[in-house]
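**Student:** The file below is upload08.cif, mmCIF, C-alpha atoms and all ligand atoms:
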```
data_target
loop_
_atom_site.label_atom_id
_atom_site.label_comp_id
_atom_site.auth_asym_id
_atom_site.auth_seq_id
_atom_site.Cartn_x
_atom_site.Cartn_y
_atom_site.Cartn_z
CA MET A 1 -109.27 -41.61 81.97
CA ASN A 2 -107.25 -44.43 80.46
CA LYS A 3 -107.73 -46.00 77.07
CA GLN A 4 -109.25 -49.21 78.53
CA GLN A 5 -112.23 -47.25 79.89
CA ILE A 6 -113.18 -45.63 76.58
CA LYS A 7 -115.83 -47.41 74.58
CA THR A 8 -114.92 -48.24 71.01
CA PRO A 9 -115.17 -47.14 68.30
CA TYR A 10 -113.14 -43.96 68.69
CA TYR A 11 -110.61 -41.86 66.84
CA LEU A 12 -107.57 -41.43 69.05
CA ILE A 13 -105.57 -38.35 68.09
CA SER A 14 -102.08 -38.03 69.54
CA GLU A 15 -100.87 -34.44 70.01
CA LYS A 16 -97.34 -35.75 70.39
CA LYS A 17 -97.52 -37.24 66.91
CA ILE A 18 -99.02 -34.06 65.45
CA LEU A 19 -96.19 -32.14 67.11
CA LYS A 20 -93.65 -34.27 65.26
CA ASN A 21 -95.15 -33.00 61.99
CA LEU A 22 -95.50 -29.44 63.30
CA LYS A 23 -91.79 -29.29 64.11
CA LYS A 24 -91.05 -30.01 60.46
CA ILE A 25 -93.57 -27.35 59.48
CA LYS A 26 -91.75 -24.85 61.66
CA TYR A 27 -88.47 -25.88 60.04
CA VAL A 28 -89.93 -25.26 56.57
CA LYS A 29 -91.31 -21.87 57.63
CA THR A 30 -87.98 -20.80 59.07
CA HIS A 31 -85.76 -22.06 56.27
CA SER A 32 -87.89 -21.30 53.22
CA GLY A 33 -89.74 -18.12 54.20
CA ALA A 34 -93.03 -19.76 53.17
CA LYS A 35 -96.18 -19.35 55.24
CA LEU A 36 -98.23 -22.45 55.94
CA VAL A 37 -102.00 -22.59 56.36
CA LEU A 38 -103.92 -25.67 57.44
CA ALA A 39 -106.31 -27.11 54.82
CA LEU A 40 -109.48 -27.61 56.85
CA LYS A 41 -110.97 -29.92 54.24
CA CYS A 42 -108.50 -32.54 55.44
CA PHE A 43 -108.68 -32.01 59.18
CA SER A 44 -111.03 -29.74 61.11
CA THR A 45 -110.95 -31.27 64.57
CA TRP A 46 -110.66 -27.95 66.35
CA ALA A 47 -109.95 -29.45 69.76
CA THR A 48 -106.34 -29.64 68.53
CA PHE A 49 -106.13 -26.12 67.10
CA ASP A 50 -104.54 -24.56 70.20
CA LEU A 51 -101.51 -26.72 69.47
CA ILE A 52 -101.50 -26.42 65.67
CA ASN A 53 -101.91 -22.66 65.60
CA LYS A 54 -98.65 -22.15 67.48
CA TYR A 55 -96.85 -23.55 64.43
CA MET A 56 -98.98 -22.51 61.45
CA ASP A 57 -100.05 -19.17 59.99
CA GLY A 58 -103.76 -19.77 59.59
CA THR A 59 -106.27 -21.88 57.69
CA THR A 60 -107.59 -22.32 54.20
CA SER A 61 -111.05 -23.51 53.39
CA SER A 62 -113.28 -24.81 50.65
CA SER A 63 -116.64 -23.44 51.80
CA SER A 64 -118.15 -20.65 53.88
CA TYR A 65 -118.61 -22.98 56.87
CA GLU A 66 -114.95 -23.98 56.85
CA THR A 67 -113.97 -20.32 56.51
CA LYS A 68 -116.07 -19.43 59.55
CA LEU A 69 -114.63 -22.34 61.52
CA GLY A 70 -111.08 -21.32 60.64
CA HIS A 71 -111.73 -17.74 61.73
CA GLN A 72 -113.58 -18.73 64.92
CA LYS A 73 -111.47 -21.62 66.16
CA PHE A 74 -108.02 -21.10 64.66
CA GLY A 75 -107.65 -17.37 64.09
CA LYS A 76 -104.58 -15.88 62.41
CA GLU A 77 -104.87 -15.67 58.59
CA THR A 78 -108.12 -16.98 57.14
CA HIS A 79 -108.03 -17.90 53.46
CA SER A 80 -111.17 -18.73 51.52
CA PHE A 81 -111.41 -20.75 48.38
CA SER A 82 -114.45 -22.25 46.75
CA VAL A 83 -114.99 -23.99 43.46
CA ALA A 84 -118.02 -21.70 43.12
CA TYR A 85 -119.31 -19.10 45.58
CA SER A 86 -122.98 -18.25 45.97
CA VAL A 87 -124.15 -14.72 46.78
CA ASP A 88 -124.78 -15.85 50.38
CA ASP A 89 -121.31 -17.43 50.62
CA ILE A 90 -119.71 -14.12 49.70
CA LYS A 91 -121.81 -12.23 52.26
CA GLU A 92 -120.64 -14.62 54.97
CA ILE A 93 -116.98 -14.95 54.11
CA ARG A 94 -116.28 -11.30 53.39
CA LYS A 95 -116.63 -10.61 57.12
CA VAL A 96 -114.02 -13.14 58.17
CA SER A 97 -111.58 -13.70 55.30
CA ASP A 98 -108.11 -12.22 54.94
CA LYS A 99 -107.82 -13.58 51.40
CA ILE A 100 -110.52 -14.72 49.00
CA ILE A 101 -109.44 -16.94 46.12
CA PHE A 102 -111.69 -17.42 43.11
CA ASN A 103 -111.80 -20.43 40.85
CA SER A 104 -112.92 -18.62 37.71
CA ILE A 105 -112.57 -15.21 36.10
CA TYR A 106 -116.35 -15.01 35.80
CA GLN A 107 -116.81 -15.32 39.60
CA LEU A 108 -113.95 -12.90 40.29
CA LYS A 109 -115.58 -10.26 38.09
CA MET A 110 -119.08 -10.97 39.37
CA PHE A 111 -118.19 -10.49 43.05
CA TYR A 112 -115.33 -7.99 42.65
CA LYS A 113 -117.34 -4.95 43.75
CA ASN A 114 -118.40 -6.72 46.98
CA VAL A 115 -114.94 -7.84 48.03
CA LYS A 116 -112.41 -5.49 46.45
CA ASP A 117 -111.31 -4.19 49.86
CA ILE A 118 -110.03 -7.71 50.70
CA GLU A 119 -106.93 -9.38 49.21
CA LEU A 120 -108.07 -11.42 46.24
CA GLY A 121 -106.58 -14.34 44.39
CA LEU A 122 -107.30 -16.57 41.42
CA ARG A 123 -106.73 -20.30 41.14
CA ILE A 124 -104.62 -21.29 38.16
CA ASN A 125 -104.66 -24.72 36.64
CA PRO A 126 -101.09 -25.29 35.44
CA GLY A 127 -102.16 -28.08 33.09
CA PHE A 128 -99.94 -30.66 34.81
CA SER A 129 -100.07 -32.38 38.17
CA TYR A 130 -98.85 -35.24 40.33
CA SER A 131 -101.47 -37.70 41.49
CA ASN A 132 -101.71 -41.45 41.66
CA PHE A 133 -105.48 -41.23 41.46
CA ASP A 134 -107.43 -39.98 38.46
CA LEU A 135 -110.23 -39.00 40.85
CA ALA A 136 -107.97 -36.54 42.67
CA ASP A 137 -106.06 -35.23 39.65
CA PRO A 138 -106.78 -31.47 39.41
CA ALA A 139 -105.32 -31.31 35.89
CA LYS A 140 -107.40 -34.17 34.50
CA LYS A 141 -109.12 -33.71 31.17
CA PHE A 142 -112.06 -31.27 31.39
CA SER A 143 -110.99 -30.21 34.91
CA ARG A 144 -113.06 -27.35 36.33
CA LEU A 145 -110.36 -26.50 38.89
CA GLY A 146 -108.70 -23.19 38.05
CA VAL A 147 -108.01 -21.04 35.01
CA SER A 148 -105.40 -22.18 32.47
CA SER A 149 -105.13 -19.38 29.92
CA VAL A 150 -102.20 -17.03 30.65
CA ARG A 151 -103.65 -14.58 28.15
CA LYS A 152 -106.98 -14.41 30.00
CA ILE A 153 -105.33 -14.19 33.43
CA MET A 154 -103.22 -11.24 32.23
CA THR A 155 -106.45 -9.30 31.59
CA ILE A 156 -107.58 -9.39 35.25
CA LEU A 157 -104.22 -8.95 37.01
CA ASN A 158 -105.27 -5.50 38.20
CA LYS A 159 -108.01 -7.16 40.28
CA ILE A 160 -105.89 -9.71 42.17
CA ASP A 161 -103.05 -9.71 44.68
CA GLY A 162 -102.14 -13.37 44.44
CA ILE A 163 -102.58 -16.70 42.71
CA MET A 164 -103.11 -20.25 43.87
CA PHE A 165 -102.01 -23.53 42.32
CA HIS A 166 -103.04 -26.90 43.74
CA TYR A 167 -101.54 -29.61 41.60
CA ASN A 168 -100.09 -32.25 43.94
CA CYS A 169 -101.70 -35.21 45.63
CA GLU A 170 -99.64 -37.23 48.13
CA ASN A 171 -96.48 -36.26 46.26
CA ASN A 172 -93.53 -37.68 48.17
CA ASP A 173 -91.06 -37.34 45.30
CA PHE A 174 -89.04 -34.14 45.73
CA LYS A 175 -87.53 -34.35 42.24
CA ILE A 176 -90.94 -34.36 40.62
CA PHE A 177 -92.06 -31.47 42.85
CA SER A 178 -88.94 -29.52 41.93
CA ASN A 179 -89.33 -30.11 38.18
CA MET A 180 -92.96 -29.06 38.26
CA LEU A 181 -92.07 -25.87 40.17
CA ASP A 182 -89.55 -25.05 37.42
CA LYS A 183 -92.32 -25.53 34.86
CA ILE A 184 -94.51 -23.12 36.83
CA SER A 185 -91.71 -20.54 36.81
CA VAL A 186 -91.40 -20.74 33.04
CA LYS A 187 -95.08 -20.95 32.14
CA PHE A 188 -96.39 -18.40 34.66
CA GLY A 189 -93.33 -16.17 35.23
CA LYS A 190 -95.07 -13.15 33.67
CA ILE A 191 -97.99 -13.50 36.07
CA LEU A 192 -95.79 -14.23 39.11
CA SER A 193 -93.87 -11.01 38.54
CA LYS A 194 -97.12 -9.02 38.96
CA VAL A 195 -98.53 -10.55 42.17
CA LYS A 196 -97.62 -10.33 45.87
CA TRP A 197 -98.23 -13.92 46.87
CA VAL A 198 -98.58 -17.39 45.46
CA SER A 199 -100.04 -20.43 47.13
CA LEU A 200 -98.65 -23.75 45.95
CA GLY A 201 -101.59 -25.64 47.48
CA GLY A 202 -101.37 -28.89 49.40
CA GLY A 203 -100.58 -32.49 48.56
CA ILE A 204 -96.84 -32.43 49.26
CA SER A 205 -95.74 -35.18 51.67
CA PHE A 206 -92.89 -33.17 53.17
CA THR A 207 -93.41 -34.37 56.76
CA LYS A 208 -92.83 -38.01 55.83
CA ASP A 209 -89.66 -39.64 57.14
CA ASP A 210 -86.75 -39.28 54.71
CA TYR A 211 -88.27 -36.38 52.74
CA PRO A 212 -85.35 -34.08 51.77
CA LEU A 213 -86.49 -31.10 53.83
CA ASP A 214 -83.42 -28.94 53.22
CA ALA A 215 -83.64 -29.30 49.45
CA PHE A 216 -87.38 -28.54 49.69
CA CYS A 217 -86.77 -25.37 51.73
CA HIS A 218 -83.99 -24.24 49.41
CA LYS A 219 -86.20 -24.74 46.34
CA LEU A 220 -89.07 -22.76 47.86
CA LYS A 221 -86.79 -19.96 49.04
CA LYS A 222 -85.22 -19.60 45.61
CA PHE A 223 -88.64 -19.58 43.91
CA GLY A 224 -89.87 -16.88 46.32
CA GLU A 225 -86.77 -14.74 45.74
CA ASP A 226 -86.70 -15.19 41.96
CA HIS A 227 -90.31 -14.07 41.58
CA LYS A 228 -90.36 -11.71 44.58
CA VAL A 229 -93.49 -13.37 45.98
CA GLN A 230 -94.60 -14.57 49.38
CA ILE A 231 -95.14 -18.31 49.14
CA TYR A 232 -97.97 -20.08 50.93
CA LEU A 233 -98.39 -23.82 51.31
CA GLU A 234 -101.74 -25.37 52.20
CA PRO A 235 -100.91 -28.71 53.80
CA GLY A 236 -103.64 -30.91 55.22
CA GLU A 237 -102.45 -34.50 55.25
CA ALA A 238 -98.84 -33.48 55.95
CA VAL A 239 -99.93 -31.82 59.22
CA VAL A 240 -101.69 -34.85 60.65
CA THR A 241 -100.11 -37.80 58.91
CA ASN A 242 -99.66 -40.79 61.24
CA SER A 243 -101.15 -38.95 64.21
CA CYS A 244 -104.40 -40.81 64.78
CA GLU A 245 -105.83 -44.30 65.13
CA LEU A 246 -109.37 -45.54 64.66
CA VAL A 247 -109.74 -47.92 67.60
CA THR A 248 -112.28 -50.69 67.16
CA THR A 249 -113.41 -53.96 68.77
CA VAL A 250 -113.97 -57.31 67.07
CA LEU A 251 -117.69 -58.19 67.24
CA ASP A 252 -117.77 -61.37 65.18
CA ILE A 253 -115.59 -63.66 63.08
CA VAL A 254 -117.28 -65.44 60.20
CA LYS A 255 -115.85 -67.87 57.69
CA ASN A 256 -116.37 -67.86 53.97
CA ILE A 257 -113.28 -69.74 52.75
CA LYS A 258 -111.29 -67.00 54.52
CA ASN A 259 -111.62 -65.77 58.11
CA ILE A 260 -113.53 -62.52 58.13
CA VAL A 261 -113.38 -60.35 61.19
CA ILE A 262 -116.16 -57.81 61.73
CA VAL A 263 -115.41 -54.74 63.84
CA ASP A 264 -117.67 -52.14 65.43
CA ALA A 265 -116.85 -49.45 62.84
CA SER A 266 -117.18 -49.10 59.09
CA VAL A 267 -115.00 -48.06 56.18
CA GLU A 268 -117.99 -46.53 54.41
CA ALA A 269 -118.98 -44.41 57.41
CA HIS A 270 -115.72 -43.76 59.25
CA MET A 271 -112.77 -44.01 56.84
CA LEU A 272 -114.53 -43.27 53.58
CA ASP A 273 -111.46 -42.29 51.58
CA LEU A 274 -110.22 -45.87 51.66
CA LEU A 275 -113.29 -46.87 49.74
CA VAL A 276 -113.21 -43.88 47.42
CA TYR A 277 -109.58 -44.54 46.45
CA ARG A 278 -109.83 -48.34 46.75
CA THR A 279 -106.95 -48.67 49.21
CA PHE A 280 -106.61 -50.75 52.39
CA ALA A 281 -106.25 -49.36 55.91
CA LYS A 282 -102.92 -49.77 57.66
CA ILE A 283 -103.17 -51.50 61.02
CA ASN A 284 -100.95 -51.03 64.01
CA THR A 285 -99.95 -54.59 64.81
CA LYS A 286 -97.07 -56.98 64.17
CA ALA A 287 -96.98 -59.02 60.97
CA GLY A 288 -97.32 -62.81 61.34
CA ASN A 289 -99.04 -65.92 60.05
CA ASN A 290 -102.68 -65.37 61.03
CA LYS A 291 -104.64 -64.34 57.97
CA TYR A 292 -107.78 -62.24 58.21
CA ILE A 293 -110.01 -60.06 56.16
CA ILE A 294 -111.06 -57.21 58.44
CA ALA A 295 -114.44 -55.75 57.58
CA GLY A 296 -116.83 -53.08 58.74
CA LYS A 297 -120.29 -53.65 60.16
CA SER A 298 -122.32 -51.76 57.57
CA CYS A 299 -124.48 -53.63 55.09
CA LEU A 300 -122.21 -52.74 52.16
CA ALA A 301 -120.61 -55.89 50.75
CA GLY A 302 -117.41 -54.00 50.00
CA ASP A 303 -117.08 -52.50 53.50
CA ILE A 304 -113.60 -54.01 53.90
CA PHE A 305 -110.71 -52.40 55.79
CA GLY A 306 -108.25 -54.84 54.24
CA GLU A 307 -106.65 -58.25 54.29
CA TYR A 308 -103.82 -58.82 56.74
CA LYS A 309 -101.31 -61.40 58.00
CA ILE A 310 -100.75 -60.63 61.67
CA SER A 311 -98.95 -62.23 64.60
CA ASN A 312 -101.80 -62.35 67.12
CA LYS A 313 -104.88 -64.57 66.88
CA LEU A 314 -108.01 -62.44 66.88
CA LYS A 315 -111.06 -63.29 68.96
CA ILE A 316 -114.33 -61.59 69.88
CA GLY A 317 -113.40 -58.54 71.95
CA SER A 318 -109.91 -58.10 70.43
CA ILE A 319 -108.96 -54.49 69.79
CA ILE A 320 -107.94 -53.47 66.28
CA ARG A 321 -106.27 -50.12 65.65
CA PHE A 322 -106.38 -48.66 62.16
CA ALA A 323 -103.47 -46.31 61.60
CA ASP A 324 -103.30 -42.92 59.95
CA ALA A 325 -106.92 -42.10 60.68
CA ALA A 326 -106.76 -38.29 60.97
CA GLY A 327 -106.82 -36.86 57.43
CA TYR A 328 -110.05 -37.00 55.42
CA THR A 329 -111.75 -39.27 57.98
CA MET A 330 -113.48 -37.21 60.68
CA VAL A 331 -114.41 -34.56 58.09
CA LYS A 332 -116.13 -37.23 56.00
CA LYS A 333 -117.77 -39.43 58.63
CA ASN A 334 -121.46 -40.04 58.11
CA TRP A 335 -124.48 -41.78 59.60
CA PHE A 336 -124.82 -44.56 57.00
CA ASN A 337 -126.82 -47.47 58.47
CA GLY A 338 -127.28 -45.37 61.63
CA LEU A 339 -124.01 -46.83 62.87
CA LYS A 340 -122.59 -45.59 66.12
CA MET A 341 -120.24 -42.79 65.20
CA PRO A 342 -116.73 -43.09 66.69
CA SER A 343 -116.03 -40.73 69.57
CA ILE A 344 -113.21 -38.22 69.19
CA VAL A 345 -110.49 -38.66 71.78
CA VAL A 346 -107.32 -36.59 72.12
CA LYS A 347 -104.18 -37.62 73.94
CA ARG A 348 -102.72 -34.28 75.00
CA LEU A 349 -99.02 -33.47 75.04
CA ASN A 350 -98.97 -34.02 78.82
CA GLY A 351 -100.32 -37.56 78.36
CA LYS A 352 -103.84 -36.76 79.55
CA ILE A 353 -106.55 -38.50 77.54
CA GLU A 354 -109.66 -36.40 76.87
CA ILE A 355 -112.89 -37.60 75.31
CA ILE A 356 -113.68 -34.57 73.21
CA LYS A 357 -116.92 -35.68 71.68
CA GLN A 358 -119.30 -38.61 71.93
CA PHE A 359 -122.08 -38.97 69.41
CA LEU A 360 -125.43 -40.24 70.61
CA TYR A 361 -128.72 -41.35 69.12
CA ASN A 362 -129.95 -37.74 69.26
CA ASP A 363 -127.11 -36.62 66.96
CA PHE A 364 -128.29 -39.18 64.41
CA LEU A 365 -131.88 -38.10 64.89
CA ASN A 366 -131.03 -34.42 64.47
CA SER A 367 -128.99 -35.00 61.34
CA LEU A 368 -132.25 -35.97 59.63
CA SER A 369 -135.83 -34.89 59.84
C1 LIG B 401 -106.88 -26.33 47.09
C2 LIG B 401 -106.37 -27.37 48.04
N1 LIG B 401 -105.47 -27.00 49.00
C3 LIG B 401 -104.98 -27.89 49.88
C4 LIG B 401 -105.38 -29.21 49.88
C5 LIG B 401 -104.83 -30.14 50.91
O1 LIG B 401 -104.18 -31.22 50.36
P1 LIG B 401 -103.44 -32.30 51.28
O2 LIG B 401 -104.36 -32.66 52.39
O3 LIG B 401 -103.21 -33.45 50.37
O4 LIG B 401 -102.18 -31.66 51.75
C6 LIG B 401 -106.30 -29.64 48.89
C7 LIG B 401 -106.74 -31.04 48.82
O5 LIG B 401 -107.51 -31.46 48.02
C8 LIG B 401 -106.82 -28.69 47.96
O6 LIG B 401 -107.72 -29.04 47.02
#
```
Give the structure from this file in structure tokens form.
Ligand SMILES: Cc1ncc(COP(=O)(O)O)c(C=O)c1O

**Tutor:**
Amino acid sequence: MNKQQIKTPYYLISEKKILKNLKKIKYVKTHSGAKLVLALKCFSTWATFDLINKYMDGTTSSSSYETKLGHQKFGKETHSFSVAYSVDDIKEIRKVSDKIIFNSIYQLKMFYKNVKDIELGLRINPGFSYSNFDLADPAKKFSRLGVSSVRKIMTILNKIDGIMFHYNCENNDFKIFSNMLDKISVKFGKILSKVKWVSLGGGISFTKDDYPLDAFCHKLKKFGEDHKVQIYLEPGEAVVTNSCELVTTVLDIVKNIKNIVIVDASVEAHMLDLLVYRTFAKINTKAGNNKYIIAGKSCLAGDIFGEYKISNKLKIGSIIRFADAAGYTMVKKNWFNGLKMPSIVVKRLNGKIEIIKQFLYNDFLNSLS
């Protein structure tokens, strides 16, 4: 199968590009002593797990379904976290979790008797964070994400083996990361000295080009040694950054002062985070003098991928490739407008292109009743 024969729209995942990130992950594991678990909330396309699980230690999840998926399709260590567990969640995850992390002391106490034979953790909200988006800031005012009071945490230390912080969002600034880790050492040193492991969460862009990997590894190693804890990281985006394209075809070009190109996919349905965070998609094409707004085909007026100046002239049938389409895309795709859902295609390490999944009318039908 070559790319020309596949009908758009489709997500094209490149294992070679994931491998580039995984090699950095292996480097971090080796040089820092940290363990790294994949955050399934970002990327759950399990057709690629045979590759990813050679380089990572397991998965972390945000719901009982993700926990089950991690256990079933990835294996290795399965971590569970949920902002709030139900009784049924606990019944399901206790069978398959290696670690269960609670978001509140109330939930920890409530479920303790059911799960005390499993390693338990508590999420701490350090009260500071790095995020360019208020929406994704875990330390925002009135945040419900994690416990902040050291005094209260000290009272339940006998019930937990570890703690979890998640306080970064797309943080590509090592200095800021390093300063915040120092603040964690000072503020939570007493707690760290009493637990076996600490997860520092996700949101660190350490697989980006030019990230100072050696300084990062050194910082983590020192932190682990100083507090005598096993460090975990929970990367999502860093595992799959720049490894996937959403491939689309131009269906129409309309003019309303500007040239507006309409493709056979939708921001709202297929790259929702762009809309949530009000950012534009990157496209894989050369810059030039042809100006276009590129828009999705849903009915939403703001279904806009972005505005671009590109070298080639677009026409009906032109292919447009949106870059960086792995993280928080496939996990969030939806059936808005009943639009055709992009197929999932994987280019394997050996160059073979496999259509992993095609979605048909029946999938739409069965998602409703
Ligand atoms: C608790 C937790 N861990 C890990 C992640 C993964 O973050 P990222 O995909 O930015 O690395 C998130 C993202 O929201 C999270 O909330």

**Student:** Report as a ChimeraX atom specification all protein, DNA and RNA residues lying within 10 Å of segment 14-29 of chain A, evaluated on all atoms listed in the file, omitting residues in the same chain fewer than 4 positions from it.

**Tutor:** /A:33-36,48,51-57,206-209,213-214,216-218,220-221,231-233,235,238-245,326,345-351,353

**Student:** Using only C-alpha atoms and all ligand atoms, can you tell me which of A:Ser318, A:Gln230, A:Ser44, A:Asn256 comes closest to ligand LIG 401 (chain B)?

**Tutor:**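 Selected residue with least distance to ligand LIG 401 (chain B): A:Ser44.
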
**Student:** Pick from A:Asp88, A:Glu119, A:Glu268, A:Asp273: nearest to Leu300 of chain A, with only C-alpha atoms counted?

**Tutor:**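 Result for the nearest residue to Leu300 of chain A: A:Glu268.
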
**Student:** Please check which protein, DNA or RNA residues sit within 9 Å of ligand LIG 401 (chain B), counting only C-alpha atoms and all ligand atoms, and write them as number ranges by chain.

**Tutor:** A: 37-43, 60-62, 81-82, 123, 136, 138, 145, 164-171, 199-205, 233-240, 327-328

**Student:** By how many Å are atom CA of Trp46 of chain A and atom CA of Ile13 of chain A apart?

**Tutor:**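 Computing it gives 11.7 Å between the two atoms.
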
**Student:** Determine the nearest neighbour of Asp210 of chain A from the options A:Ser178, A:Phe280, A:Ser131, A:Asp173, counting only C-alpha atoms.

**Tutor:**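 Under the stated criterion, the closest residue is A:Asp173.
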
**Student:** Could you jot down the atom CA of His79 of chain A to atom CA of Asp226 of chain A separation for me, Å, one decimal place?

**Tutor:**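 For atom CA of His79 of chain A relative to atom CA of Asp226 of chain A, the distance reads 24.4 Å.
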
**Student:** Box in all listed atoms of segment 284-288 of chain A, axis-aligned, with 8 Å more on each side; write out centre and edge lengths in Å to one decimal as JSON.

**Tutor:**
```
{"center_x": -99.0, "center_y": -56.9, "center_z": 62.9, "size_x": 20.0, "size_y": 27.8, "size_z": 19.8}
```

**Student:** Give as a list in words each residue that has an atom at most 9 Å from (-116.0, -13.9, 51.7) in the file, counting all atoms listed in the file.

**Tutor:** Ser64, Thr67, Ser80, Phe81, Tyr85, Asp89, Ile90, Lys91, Glu92, Ile93, Arg94, Lys95, Val96, Ser97, Asp98, Lys99, Ile100, Asn114, Val115 and Ile118 of chain A

**Student:** Between A:Lys340, A:Lys175, A:His31, A:His270, which one has atoms that come closest to Ile304 of chain A, using all atoms listed in the file?

**Tutor:**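 Checking each of A:Lys340, A:Lys175, A:His31, A:His270 against Ile304 of chain A, counting all atoms listed in the file, the winner is A:His270.
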